[in-house]
$ cat target.cif   # mmCIF, C-alpha atoms
data_structure
loop_
_atom_site.label_atom_id
_atom_site.label_comp_id
_atom_site.auth_asym_id
_atom_site.auth_seq_id
_atom_site.Cartn_x
_atom_site.Cartn_y
_atom_site.Cartn_z
CA MET B 1 61.96 106.10 100.51
CA GLU B 2 63.92 109.24 101.37
CA SER B 3 67.67 109.12 101.80
CA ILE B 4 69.95 110.58 104.47
CA PRO B 5 73.38 111.96 103.48
CA ILE B 6 76.08 109.86 105.20
CA GLU B 7 77.91 113.12 106.01
CA HIS B 8 75.14 114.21 108.38
CA GLY B 9 75.31 111.01 110.41
CA LEU B 10 79.11 111.20 110.71
CA ILE B 11 78.97 114.94 111.57
CA LEU B 12 76.50 114.14 114.38
CA ALA B 13 78.90 111.49 115.72
CA ALA B 14 81.81 113.98 115.55
CA ILE B 15 79.81 116.68 117.40
CA LEU B 16 78.76 114.26 120.16
CA PHE B 17 82.36 113.04 120.49
CA SER B 18 83.66 116.63 120.83
CA ILE B 19 81.07 117.51 123.49
CA GLY B 20 82.09 114.40 125.43
CA LEU B 21 85.76 115.42 125.09
CA ILE B 22 84.98 118.89 126.49
CA GLY B 23 83.22 117.18 129.42
CA VAL B 24 86.23 114.95 130.15
CA LEU B 25 88.64 117.91 130.01
CA THR B 26 86.64 120.47 132.01
CA ARG B 27 84.75 118.64 134.75
CA ARG B 28 86.39 118.01 138.12
CA ASN B 29 83.67 115.73 139.49
CA ILE B 30 84.78 112.18 138.67
CA VAL B 31 81.20 110.94 138.13
CA PHE B 32 80.73 113.57 135.39
CA VAL B 33 84.06 112.54 133.83
CA LEU B 34 82.83 108.92 133.63
CA MET B 35 79.51 110.09 132.12
CA SER B 36 81.41 112.10 129.47
CA LEU B 37 83.46 108.99 128.65
CA GLU B 38 80.15 107.18 128.08
CA ILE B 39 79.10 109.95 125.66
CA MET B 40 82.35 109.52 123.69
CA LEU B 41 81.98 105.71 123.49
CA ASN B 42 78.38 106.13 122.39
CA ALA B 43 79.41 108.58 119.66
CA SER B 44 81.92 106.09 118.25
CA GLY B 45 79.19 103.44 118.27
CA LEU B 46 76.96 105.82 116.31
CA ALA B 47 79.70 106.21 113.70
CA PHE B 48 79.87 102.40 113.33
CA ILE B 49 76.08 102.16 112.87
CA VAL B 50 76.14 104.94 110.23
CA ALA B 51 78.88 103.06 108.35
CA ALA B 52 76.91 99.79 108.64
CA SER B 53 73.86 101.55 107.22
CA ARG B 54 75.90 102.89 104.30
CA TRP B 55 77.01 99.40 103.20
CA GLY B 56 73.81 97.65 104.32
CA HIS B 57 75.89 95.10 106.26
CA ALA B 58 75.50 93.69 109.77
CA GLU B 59 79.22 93.96 110.70
CA GLY B 60 78.84 97.51 111.98
CA GLN B 61 76.16 96.38 114.41
CA ILE B 62 78.51 93.65 115.68
CA MET B 63 81.18 96.30 116.33
CA PHE B 64 78.52 98.30 118.18
CA LEU B 65 77.83 95.24 120.36
CA MET B 66 81.55 95.03 121.19
CA ILE B 67 81.56 98.74 122.16
CA LEU B 68 78.49 98.10 124.34
CA THR B 69 80.30 95.27 126.16
CA LEU B 70 83.38 97.45 126.62
CA ALA B 71 81.26 100.30 128.02
CA ALA B 72 79.51 97.99 130.48
CA ALA B 73 82.80 96.53 131.78
CA GLU B 74 84.43 99.97 131.95
CA VAL B 75 81.52 101.48 133.92
CA ALA B 76 81.49 98.58 136.39
CA VAL B 77 85.22 98.97 137.14
CA GLY B 78 85.06 102.80 137.10
CA LEU B 79 82.16 102.97 139.54
CA GLY B 80 83.93 100.50 141.84
CA LEU B 81 86.96 102.83 141.81
CA ILE B 82 84.71 105.85 142.52
CA ILE B 83 83.20 104.10 145.56
CA GLN B 84 86.68 103.23 146.85
CA MET B 85 87.88 106.82 146.25
CA PHE B 86 84.88 108.28 148.10
CA ARG B 87 85.51 105.93 151.02
CA ARG B 88 89.14 107.05 151.38
CA TYR B 89 89.00 110.78 150.54
CA LYS B 90 85.33 111.66 151.27
CA THR B 91 85.17 113.67 148.03
CA VAL B 92 84.57 113.23 144.28
CA ASP B 93 87.07 115.98 143.34
CA ILE B 94 89.80 114.45 141.13
CA ASN B 95 92.28 117.16 142.20
CA GLU B 96 92.40 115.52 145.65
CA LEU B 97 94.14 112.53 144.02
CA SER B 98 97.19 114.56 142.96
CA GLU B 99 99.29 113.57 145.98
CA MET B 100 101.65 111.35 143.96
CA LYS B 101 103.97 114.10 142.70
CA GLY B 102 107.24 113.21 140.98
CA MET G 1 61.57 109.19 108.49
CA ILE G 2 64.17 111.79 107.48
CA ILE G 3 62.48 114.45 109.67
CA LEU G 4 62.73 111.98 112.58
CA PHE G 5 66.49 111.67 112.02
CA TYR G 6 67.09 115.44 112.26
CA LEU G 7 64.71 115.87 115.21
CA ALA G 8 66.42 113.07 117.15
CA ALA G 9 69.85 114.52 116.23
CA ALA G 10 68.83 117.94 117.61
CA VAL G 11 67.52 116.36 120.83
CA ALA G 12 70.72 114.33 121.21
CA ILE G 13 73.01 117.36 120.81
CA ILE G 14 70.98 119.60 123.16
CA ALA G 15 70.70 116.88 125.82
CA THR G 16 74.45 116.11 125.60
CA VAL G 17 75.37 119.79 126.00
CA ALA G 18 73.03 119.90 129.01
CA VAL G 19 74.90 116.92 130.56
CA VAL G 20 78.24 118.70 130.35
CA LEU G 21 76.88 122.01 131.72
CA GLN G 22 74.82 120.50 134.55
CA THR G 23 75.73 121.06 138.21
CA ASN G 24 73.13 118.74 139.73
CA ILE G 25 74.40 115.20 139.17
CA VAL G 26 70.96 113.51 139.00
CA HIS G 27 69.72 116.06 136.42
CA GLY G 28 72.87 115.38 134.39
CA LEU G 29 72.14 111.64 134.48
CA LEU G 30 68.54 112.20 133.31
CA TYR G 31 69.77 114.34 130.40
CA LEU G 32 72.25 111.57 129.50
CA ILE G 33 69.39 109.03 129.41
CA LEU G 34 67.46 111.41 127.10
CA SER G 35 70.51 111.70 124.83
CA LEU G 36 70.96 107.91 124.68
CA LEU G 37 67.28 107.40 123.82
CA ALA G 38 67.57 109.98 121.02
CA VAL G 39 70.57 108.07 119.65
CA ALA G 40 68.48 104.87 119.85
CA VAL G 41 65.84 106.56 117.63
CA ILE G 42 68.60 107.47 115.15
CA PHE G 43 69.73 103.81 115.09
CA TYR G 44 66.17 102.77 114.29
CA VAL G 45 65.88 105.31 111.47
CA LEU G 46 69.21 104.13 110.03
CA GLY G 47 67.84 100.57 109.77
CA ALA G 48 69.45 98.94 112.82
CA PRO G 49 66.48 97.95 115.04
CA PHE G 50 68.52 95.42 117.06
CA ALA G 51 71.15 98.02 117.95
CA ALA G 52 68.38 100.52 118.82
CA VAL G 53 66.73 98.09 121.24
CA LEU G 54 70.10 97.20 122.82
CA GLU G 55 70.93 100.91 123.20
CA ALA G 56 67.64 101.47 125.06
CA ILE G 57 67.89 98.34 127.26
CA VAL G 58 71.62 98.09 128.01
CA TYR G 59 72.83 101.72 127.80
CA ALA G 60 69.81 103.75 128.93
CA GLY G 61 68.62 100.93 131.18
CA ALA G 62 71.34 98.85 132.83
CA ILE G 63 74.38 101.15 132.73
CA MET G 64 72.43 104.23 133.81
CA VAL G 65 70.82 102.32 136.70
CA LEU G 66 74.36 101.40 137.79
CA PHE G 67 75.24 105.13 137.79
CA LEU G 68 72.06 105.91 139.76
CA PHE G 69 72.91 103.28 142.41
CA VAL G 70 76.39 104.74 142.89
CA ILE G 71 75.06 108.33 143.07
CA MET G 72 72.57 107.19 145.73
CA MET G 73 75.37 105.41 147.65
CA LEU G 74 77.64 108.49 147.56
CA ASN G 75 74.72 110.70 148.71
CA LEU G 76 76.24 113.98 147.48
CA GLY G 77 74.26 116.94 148.80
CA GLN G 78 73.84 120.66 148.21
CA HIS G 79 77.48 121.25 149.18
CA THR G 80 78.79 119.38 146.11
CA GLN G 81 76.39 121.26 143.85
CA ASN G 82 77.65 124.65 145.10
CA GLN G 83 81.23 123.43 144.64
CA GLU G 84 80.39 122.39 141.05
CA ARG G 85 79.04 125.89 140.38
CA THR G 86 82.29 127.51 141.50
CA TRP G 87 84.31 125.08 139.34
CA LEU G 88 82.40 125.81 136.12
CA THR G 89 84.06 129.17 135.44
CA PRO G 90 84.72 130.41 131.88
CA ARG G 91 88.46 130.41 132.68
CA GLY G 92 88.24 126.66 133.26
CA TRP G 93 86.31 125.57 130.19
CA ILE G 94 87.32 128.03 127.46
CA GLY G 95 90.76 126.46 126.79
CA PRO G 96 89.53 122.84 126.45
CA SER G 97 86.57 124.04 124.37
CA ILE G 98 88.90 125.73 121.85
CA MET G 99 91.00 122.56 121.59
CA ALA G 100 87.89 120.40 121.16
CA ALA G 101 86.63 122.83 118.49
CA ILE G 102 89.91 122.46 116.59
CA LEU G 103 89.56 118.66 116.75
CA LEU G 104 85.94 118.95 115.56
CA GLY G 105 87.05 121.17 112.67
CA GLN G 106 89.62 118.57 111.58
CA LEU G 107 87.03 115.78 111.83
CA LEU G 108 84.55 117.81 109.75
CA ASN G 109 87.29 118.50 107.20
CA VAL G 110 87.91 114.76 106.81
CA ILE G 111 84.20 113.89 106.71
CA SER G 112 83.20 116.59 104.21
CA GLY G 113 84.84 114.71 101.32
CA ILE G 114 82.43 111.78 101.61
CA ASP G 115 79.41 112.17 99.39
CA TYR G 116 76.89 109.34 99.61
CA GLU G 117 73.15 109.12 100.22
CA ILE G 118 72.07 106.40 102.66
CA VAL G 119 68.84 104.68 101.72
CA PRO G 120 68.14 102.84 105.00
CA THR G 121 67.46 99.13 104.62
CA GLN G 122 66.46 97.10 107.66
CA VAL G 123 69.25 94.77 108.86
CA GLY G 124 67.39 92.69 111.41
CA VAL G 125 68.24 90.45 114.36
CA MET G 126 68.58 87.35 112.20
CA GLN G 127 71.39 88.69 109.99
CA VAL G 128 73.26 90.10 112.98
CA SER G 129 73.04 86.93 115.06
CA ALA G 130 73.92 84.71 112.07
CA LEU G 131 77.20 86.63 111.80
CA LEU G 132 77.65 86.86 115.57
CA PHE G 133 77.51 83.11 116.10
CA GLY G 134 79.18 82.28 112.79
CA PRO G 135 82.48 83.99 111.90
CA TYR G 136 82.54 86.26 114.98
CA VAL G 137 81.96 83.61 117.66
CA LEU G 138 85.49 84.12 119.06
CA ALA G 139 84.71 87.83 119.62
CA VAL G 140 81.59 86.84 121.58
CA GLU G 141 83.62 84.53 123.80
CA LEU G 142 86.24 87.24 124.39
CA ALA G 143 83.46 89.71 125.24
CA SER G 144 82.10 87.28 127.82
CA ILE G 145 85.57 86.93 129.37
CA LEU G 146 85.86 90.75 129.46
CA LEU G 147 82.51 91.02 131.26
CA LEU G 148 83.56 88.32 133.75
CA ALA G 149 86.82 90.20 134.42
CA GLY G 150 84.81 93.42 134.91
CA LEU G 151 82.51 91.65 137.38
CA VAL G 152 85.42 90.28 139.43
CA ALA G 153 87.25 93.64 139.40
CA ALA G 154 84.13 95.59 140.42
CA TYR G 155 83.45 93.15 143.27
CA HIS G 156 87.02 93.39 144.50
CA LEU G 157 87.28 97.21 144.21
CA ALA G 158 83.95 98.02 145.89
CA LYS G 159 84.48 95.54 148.75
CA THR G 160 84.71 96.96 152.28
CA LYS G 161 87.79 96.01 154.27
#
$ encode --input "target.cif" --output "structure tokens"
Amino acid sequence: MESIPIEHGLILAAILFSIGLIGVLTRRNIVFVLMSLEIMLNASGLAFIVAASRWGHAEGQIMFLMILTLAAAEVAVGLGLIIQMFRRYKTVDINELSEMKG
Amino acid sequence: MIILFYLAAAVAIIATVAVVLQTNIVHGLLYLILSLLAVAVIFYVLGAPFAAVLEAIVYAGAIMVLFLFVIMMLNLGQHTQNQERTWLTPRGWIGPSIMAAILLGQLLNVISGIDYEIVPTQVGVMQVSALLFGPYVLAVELASILLLAGLVAAYHLAKTK
């Protein structure tokens, strides 16, 4: 069976993580920011699966399950906050939330 | 198998870039689902079928449906899309992109020292669950408490007065 260099898997995870980071830093729509956070969490999960595949162990998959749980809880709370924000400010622009200045 | 890995990697990167550059929020969500499914294919190729199935069911299924519900509730129209277009100026994204590129360069520099060929072996559901309900049973319980806390918090935050 053919083999895959471990570098390529980790490079893919690093690229996906960087794209997600660009999304978090540049977007002003809070729904897109939450989606970019999902991309970053998913990229770290990919890195764990690549490492698990390198050693042939199941521990990496267990860490992926923990990341999955974390992502689900984070999205539930984040979307609840987005709904509350939209109800109060009638916008999804995160710059509208900058009223608490020093 | 190895061709499948590189194809799925290309699809994942293109779809993820499309998510970040999208102005229509529903199109962005569909690209994100495509990206997650491509990552699920990569998991399968790397010999983690259980993680691949969970990625497809939980990530691309449950979490994305949650996003879709909220987008439908917010009911953002053409106005928001035009606003998004004015926000996505080169002046806004070029600085963060340079910083992210520097971070990516450092990550690649660290990774490039590792030299190992993965020969994927299937690690199935049985091995994962034997560990999950053996030495890691405390982590499972903590994860369930985390999910319960998330449920209570989401209910409280989204409640109308």
$ closest_atom_pairs --input "target.cif" --of "range 30-69 of chain B" --to "range 83-101 of chain B" --cutoff "10 Å" --atoms "only C-alpha atoms" --output "CSV"
residue,atom,partner,partner_atom,distance
B:Ile30,CA,B:Val92,CA,5.7
B:Val31,CA,B:Val92,CA,7.4
B:Phe32,CA,B:Val92,CA,9.7
B:Val33,CA,B:Ile94,CA,9.5
$ interface_residues --input "target.cif" --of "chain G" --to "chain B" --cutoff "7 Å" --atoms "all atoms listed in the file" --output "ChimeraX atom specification"
/G:2,9,13,17,20,43,46-47,51,63,70,92-93,96-97,100,104,107-108,111-112,114-121,123,127-128,132,143,146-147,150,153-154,157-158
$ residues_near_point --input "target.cif" --point "(69.0, 110.1, 137.8)" --cutoff "8 Å" --atoms "all atoms listed in the file" --output "list in words"
Ile25, Val26, His27, Gly28, Leu29, Leu30, Met64, Phe67 and Leu68 of chain G
$ residues_around --input "target.cif" --residues "range 53-60 of chain G" --least-positions-apart "3" --cutoff "7 Å" --atoms "only C-alpha atoms" --output "list in words"
Ile33, Leu36, Leu37, Ala40, Pro49, Phe50, Ile63 and Met64 of chain G
$ atom_distance --input "target.cif" --atom1 "CA of Arg85 in chain G" --atom2 "CA of Thr23 in chain G"
6.2 Å
$ closest_residue --input "target.cif" --among "G:Val110, G:Ile42, G:Met126, G:Val137" --to "Ala12 in chain G" --atoms "all atoms listed in the file"
G:Ile42
$ atom_distance --input "target.cif" --atom1 "CA of Tyr6 in chain G" --atom2 "CA of Ser129 in chain G"
29.3 Å
$ atom_distance --input "target.cif" --atom1 "CA of Asn82 in chain G" --atom2 "CA of Gln22 in chain G"
11.7 Å
$ decode --input "target.cif" --residues "range 72-86 of chain G" --atoms "all heavy atoms" --output "compact mmCIF listing (two decimals), in the first residue's frame"
# COMPACT_ATOMS: atom_id res chain seq x y z
N MET G 72 -31.56 31.35 9.28
CA MET G 72 -32.96 31.51 8.89
C MET G 72 -33.70 32.39 9.90
O MET G 72 -34.55 33.19 9.52
CB MET G 72 -33.64 30.13 8.80
CG MET G 72 -33.33 29.41 7.51
SD MET G 72 -33.60 27.65 7.64
CE MET G 72 -35.33 27.57 7.90
N MET G 73 -33.38 32.25 11.20
CA MET G 73 -34.03 33.09 12.21
C MET G 73 -33.67 34.55 12.05
O MET G 73 -34.51 35.44 12.20
CB MET G 73 -33.60 32.62 13.61
CG MET G 73 -34.51 31.60 14.23
SD MET G 73 -33.88 31.15 15.82
CE MET G 73 -34.54 32.46 16.82
N LEU G 74 -32.37 34.82 11.76
CA LEU G 74 -31.92 36.21 11.62
C LEU G 74 -32.50 36.84 10.38
O LEU G 74 -32.77 38.04 10.35
CB LEU G 74 -30.39 36.27 11.57
CG LEU G 74 -29.62 35.76 12.77
CD1 LEU G 74 -28.14 35.99 12.56
CD2 LEU G 74 -30.06 36.46 14.05
N ASN G 75 -32.69 36.03 9.30
CA ASN G 75 -33.31 36.50 8.06
C ASN G 75 -32.59 37.74 7.51
O ASN G 75 -33.18 38.80 7.32
CB ASN G 75 -34.80 36.79 8.29
CG ASN G 75 -35.54 36.91 6.99
OD1 ASN G 75 -35.04 36.47 5.96
ND2 ASN G 75 -36.71 37.48 7.03
N LEU G 76 -31.26 37.61 7.28
CA LEU G 76 -30.47 38.70 6.74
C LEU G 76 -30.71 38.78 5.24
O LEU G 76 -30.64 37.78 4.54
CB LEU G 76 -28.99 38.46 7.01
CG LEU G 76 -28.65 38.17 8.46
CD1 LEU G 76 -27.26 37.59 8.58
CD2 LEU G 76 -28.76 39.42 9.30
N GLY G 77 -30.98 39.97 4.72
CA GLY G 77 -31.35 40.08 3.31
C GLY G 77 -30.23 40.61 2.43
O GLY G 77 -29.05 40.48 2.74
N GLN G 78 -30.65 41.23 1.33
CA GLN G 78 -29.70 41.78 0.35
C GLN G 78 -28.87 42.91 0.96
O GLN G 78 -27.70 43.08 0.63
CB GLN G 78 -30.49 42.31 -0.86
CG GLN G 78 -29.65 42.74 -2.03
CD GLN G 78 -28.91 41.57 -2.66
OE1 GLN G 78 -29.43 40.48 -2.77
NE2 GLN G 78 -27.67 41.80 -3.06
N HIS G 79 -29.48 43.63 1.91
CA HIS G 79 -28.79 44.77 2.54
C HIS G 79 -27.48 44.33 3.18
O HIS G 79 -26.43 44.96 3.00
CB HIS G 79 -29.73 45.39 3.57
CG HIS G 79 -29.06 46.39 4.45
ND1 HIS G 79 -28.58 47.59 3.97
CD2 HIS G 79 -28.77 46.37 5.77
CE1 HIS G 79 -28.05 48.26 4.97
NE2 HIS G 79 -28.15 47.55 6.07
N THR G 80 -27.54 43.20 3.95
CA THR G 80 -26.34 42.71 4.63
C THR G 80 -25.27 42.28 3.64
O THR G 80 -24.08 42.50 3.86
CB THR G 80 -26.71 41.50 5.51
OG1 THR G 80 -27.98 41.72 6.07
CG2 THR G 80 -25.71 41.27 6.59
N GLN G 81 -25.73 41.69 2.50
CA GLN G 81 -24.78 41.22 1.50
C GLN G 81 -24.03 42.40 0.87
O GLN G 81 -22.82 42.33 0.66
CB GLN G 81 -25.55 40.45 0.44
CG GLN G 81 -24.69 39.47 -0.32
CD GLN G 81 -25.54 38.64 -1.27
OE1 GLN G 81 -26.70 38.36 -1.00
NE2 GLN G 81 -24.95 38.28 -2.39
N ASN G 82 -24.75 43.51 0.60
CA ASN G 82 -24.10 44.70 0.05
C ASN G 82 -23.11 45.27 1.04
O ASN G 82 -22.00 45.69 0.68
CB ASN G 82 -25.14 45.76 -0.32
CG ASN G 82 -26.05 45.28 -1.42
OD1 ASN G 82 -25.69 44.40 -2.19
ND2 ASN G 82 -27.24 45.85 -1.49
N GLN G 83 -23.52 45.26 2.34
CA GLN G 83 -22.65 45.76 3.40
C GLN G 83 -21.36 44.93 3.47
O GLN G 83 -20.27 45.47 3.58
CB GLN G 83 -23.41 45.65 4.71
CG GLN G 83 -23.15 46.77 5.67
CD GLN G 83 -24.04 46.64 6.89
OE1 GLN G 83 -24.61 45.59 7.16
NE2 GLN G 83 -24.15 47.70 7.64
N GLU G 84 -21.52 43.58 3.36
CA GLU G 84 -20.37 42.68 3.37
C GLU G 84 -19.40 43.05 2.26
O GLU G 84 -18.19 43.04 2.43
CB GLU G 84 -20.83 41.24 3.16
CG GLU G 84 -21.48 40.61 4.35
CD GLU G 84 -20.49 40.25 5.41
OE1 GLU G 84 -19.40 39.79 5.06
OE2 GLU G 84 -20.80 40.46 6.58
N ARG G 85 -19.97 43.36 1.07
CA ARG G 85 -19.13 43.66 -0.09
C ARG G 85 -18.30 44.92 0.15
O ARG G 85 -17.14 44.99 -0.26
CB ARG G 85 -20.01 43.82 -1.33
CG ARG G 85 -19.29 43.48 -2.61
CD ARG G 85 -20.26 43.16 -3.75
NE ARG G 85 -20.81 41.82 -3.64
CZ ARG G 85 -22.06 41.53 -3.96
NH1 ARG G 85 -22.89 42.44 -4.39
NH2 ARG G 85 -22.48 40.29 -3.86
N THR G 86 -18.89 45.91 0.84
CA THR G 86 -18.13 47.13 1.10
C THR G 86 -17.07 46.90 2.18
O THR G 86 -16.06 47.59 2.22
CB THR G 86 -19.06 48.28 1.54
OG1 THR G 86 -19.77 47.85 2.69
CG2 THR G 86 -20.03 48.66 0.45
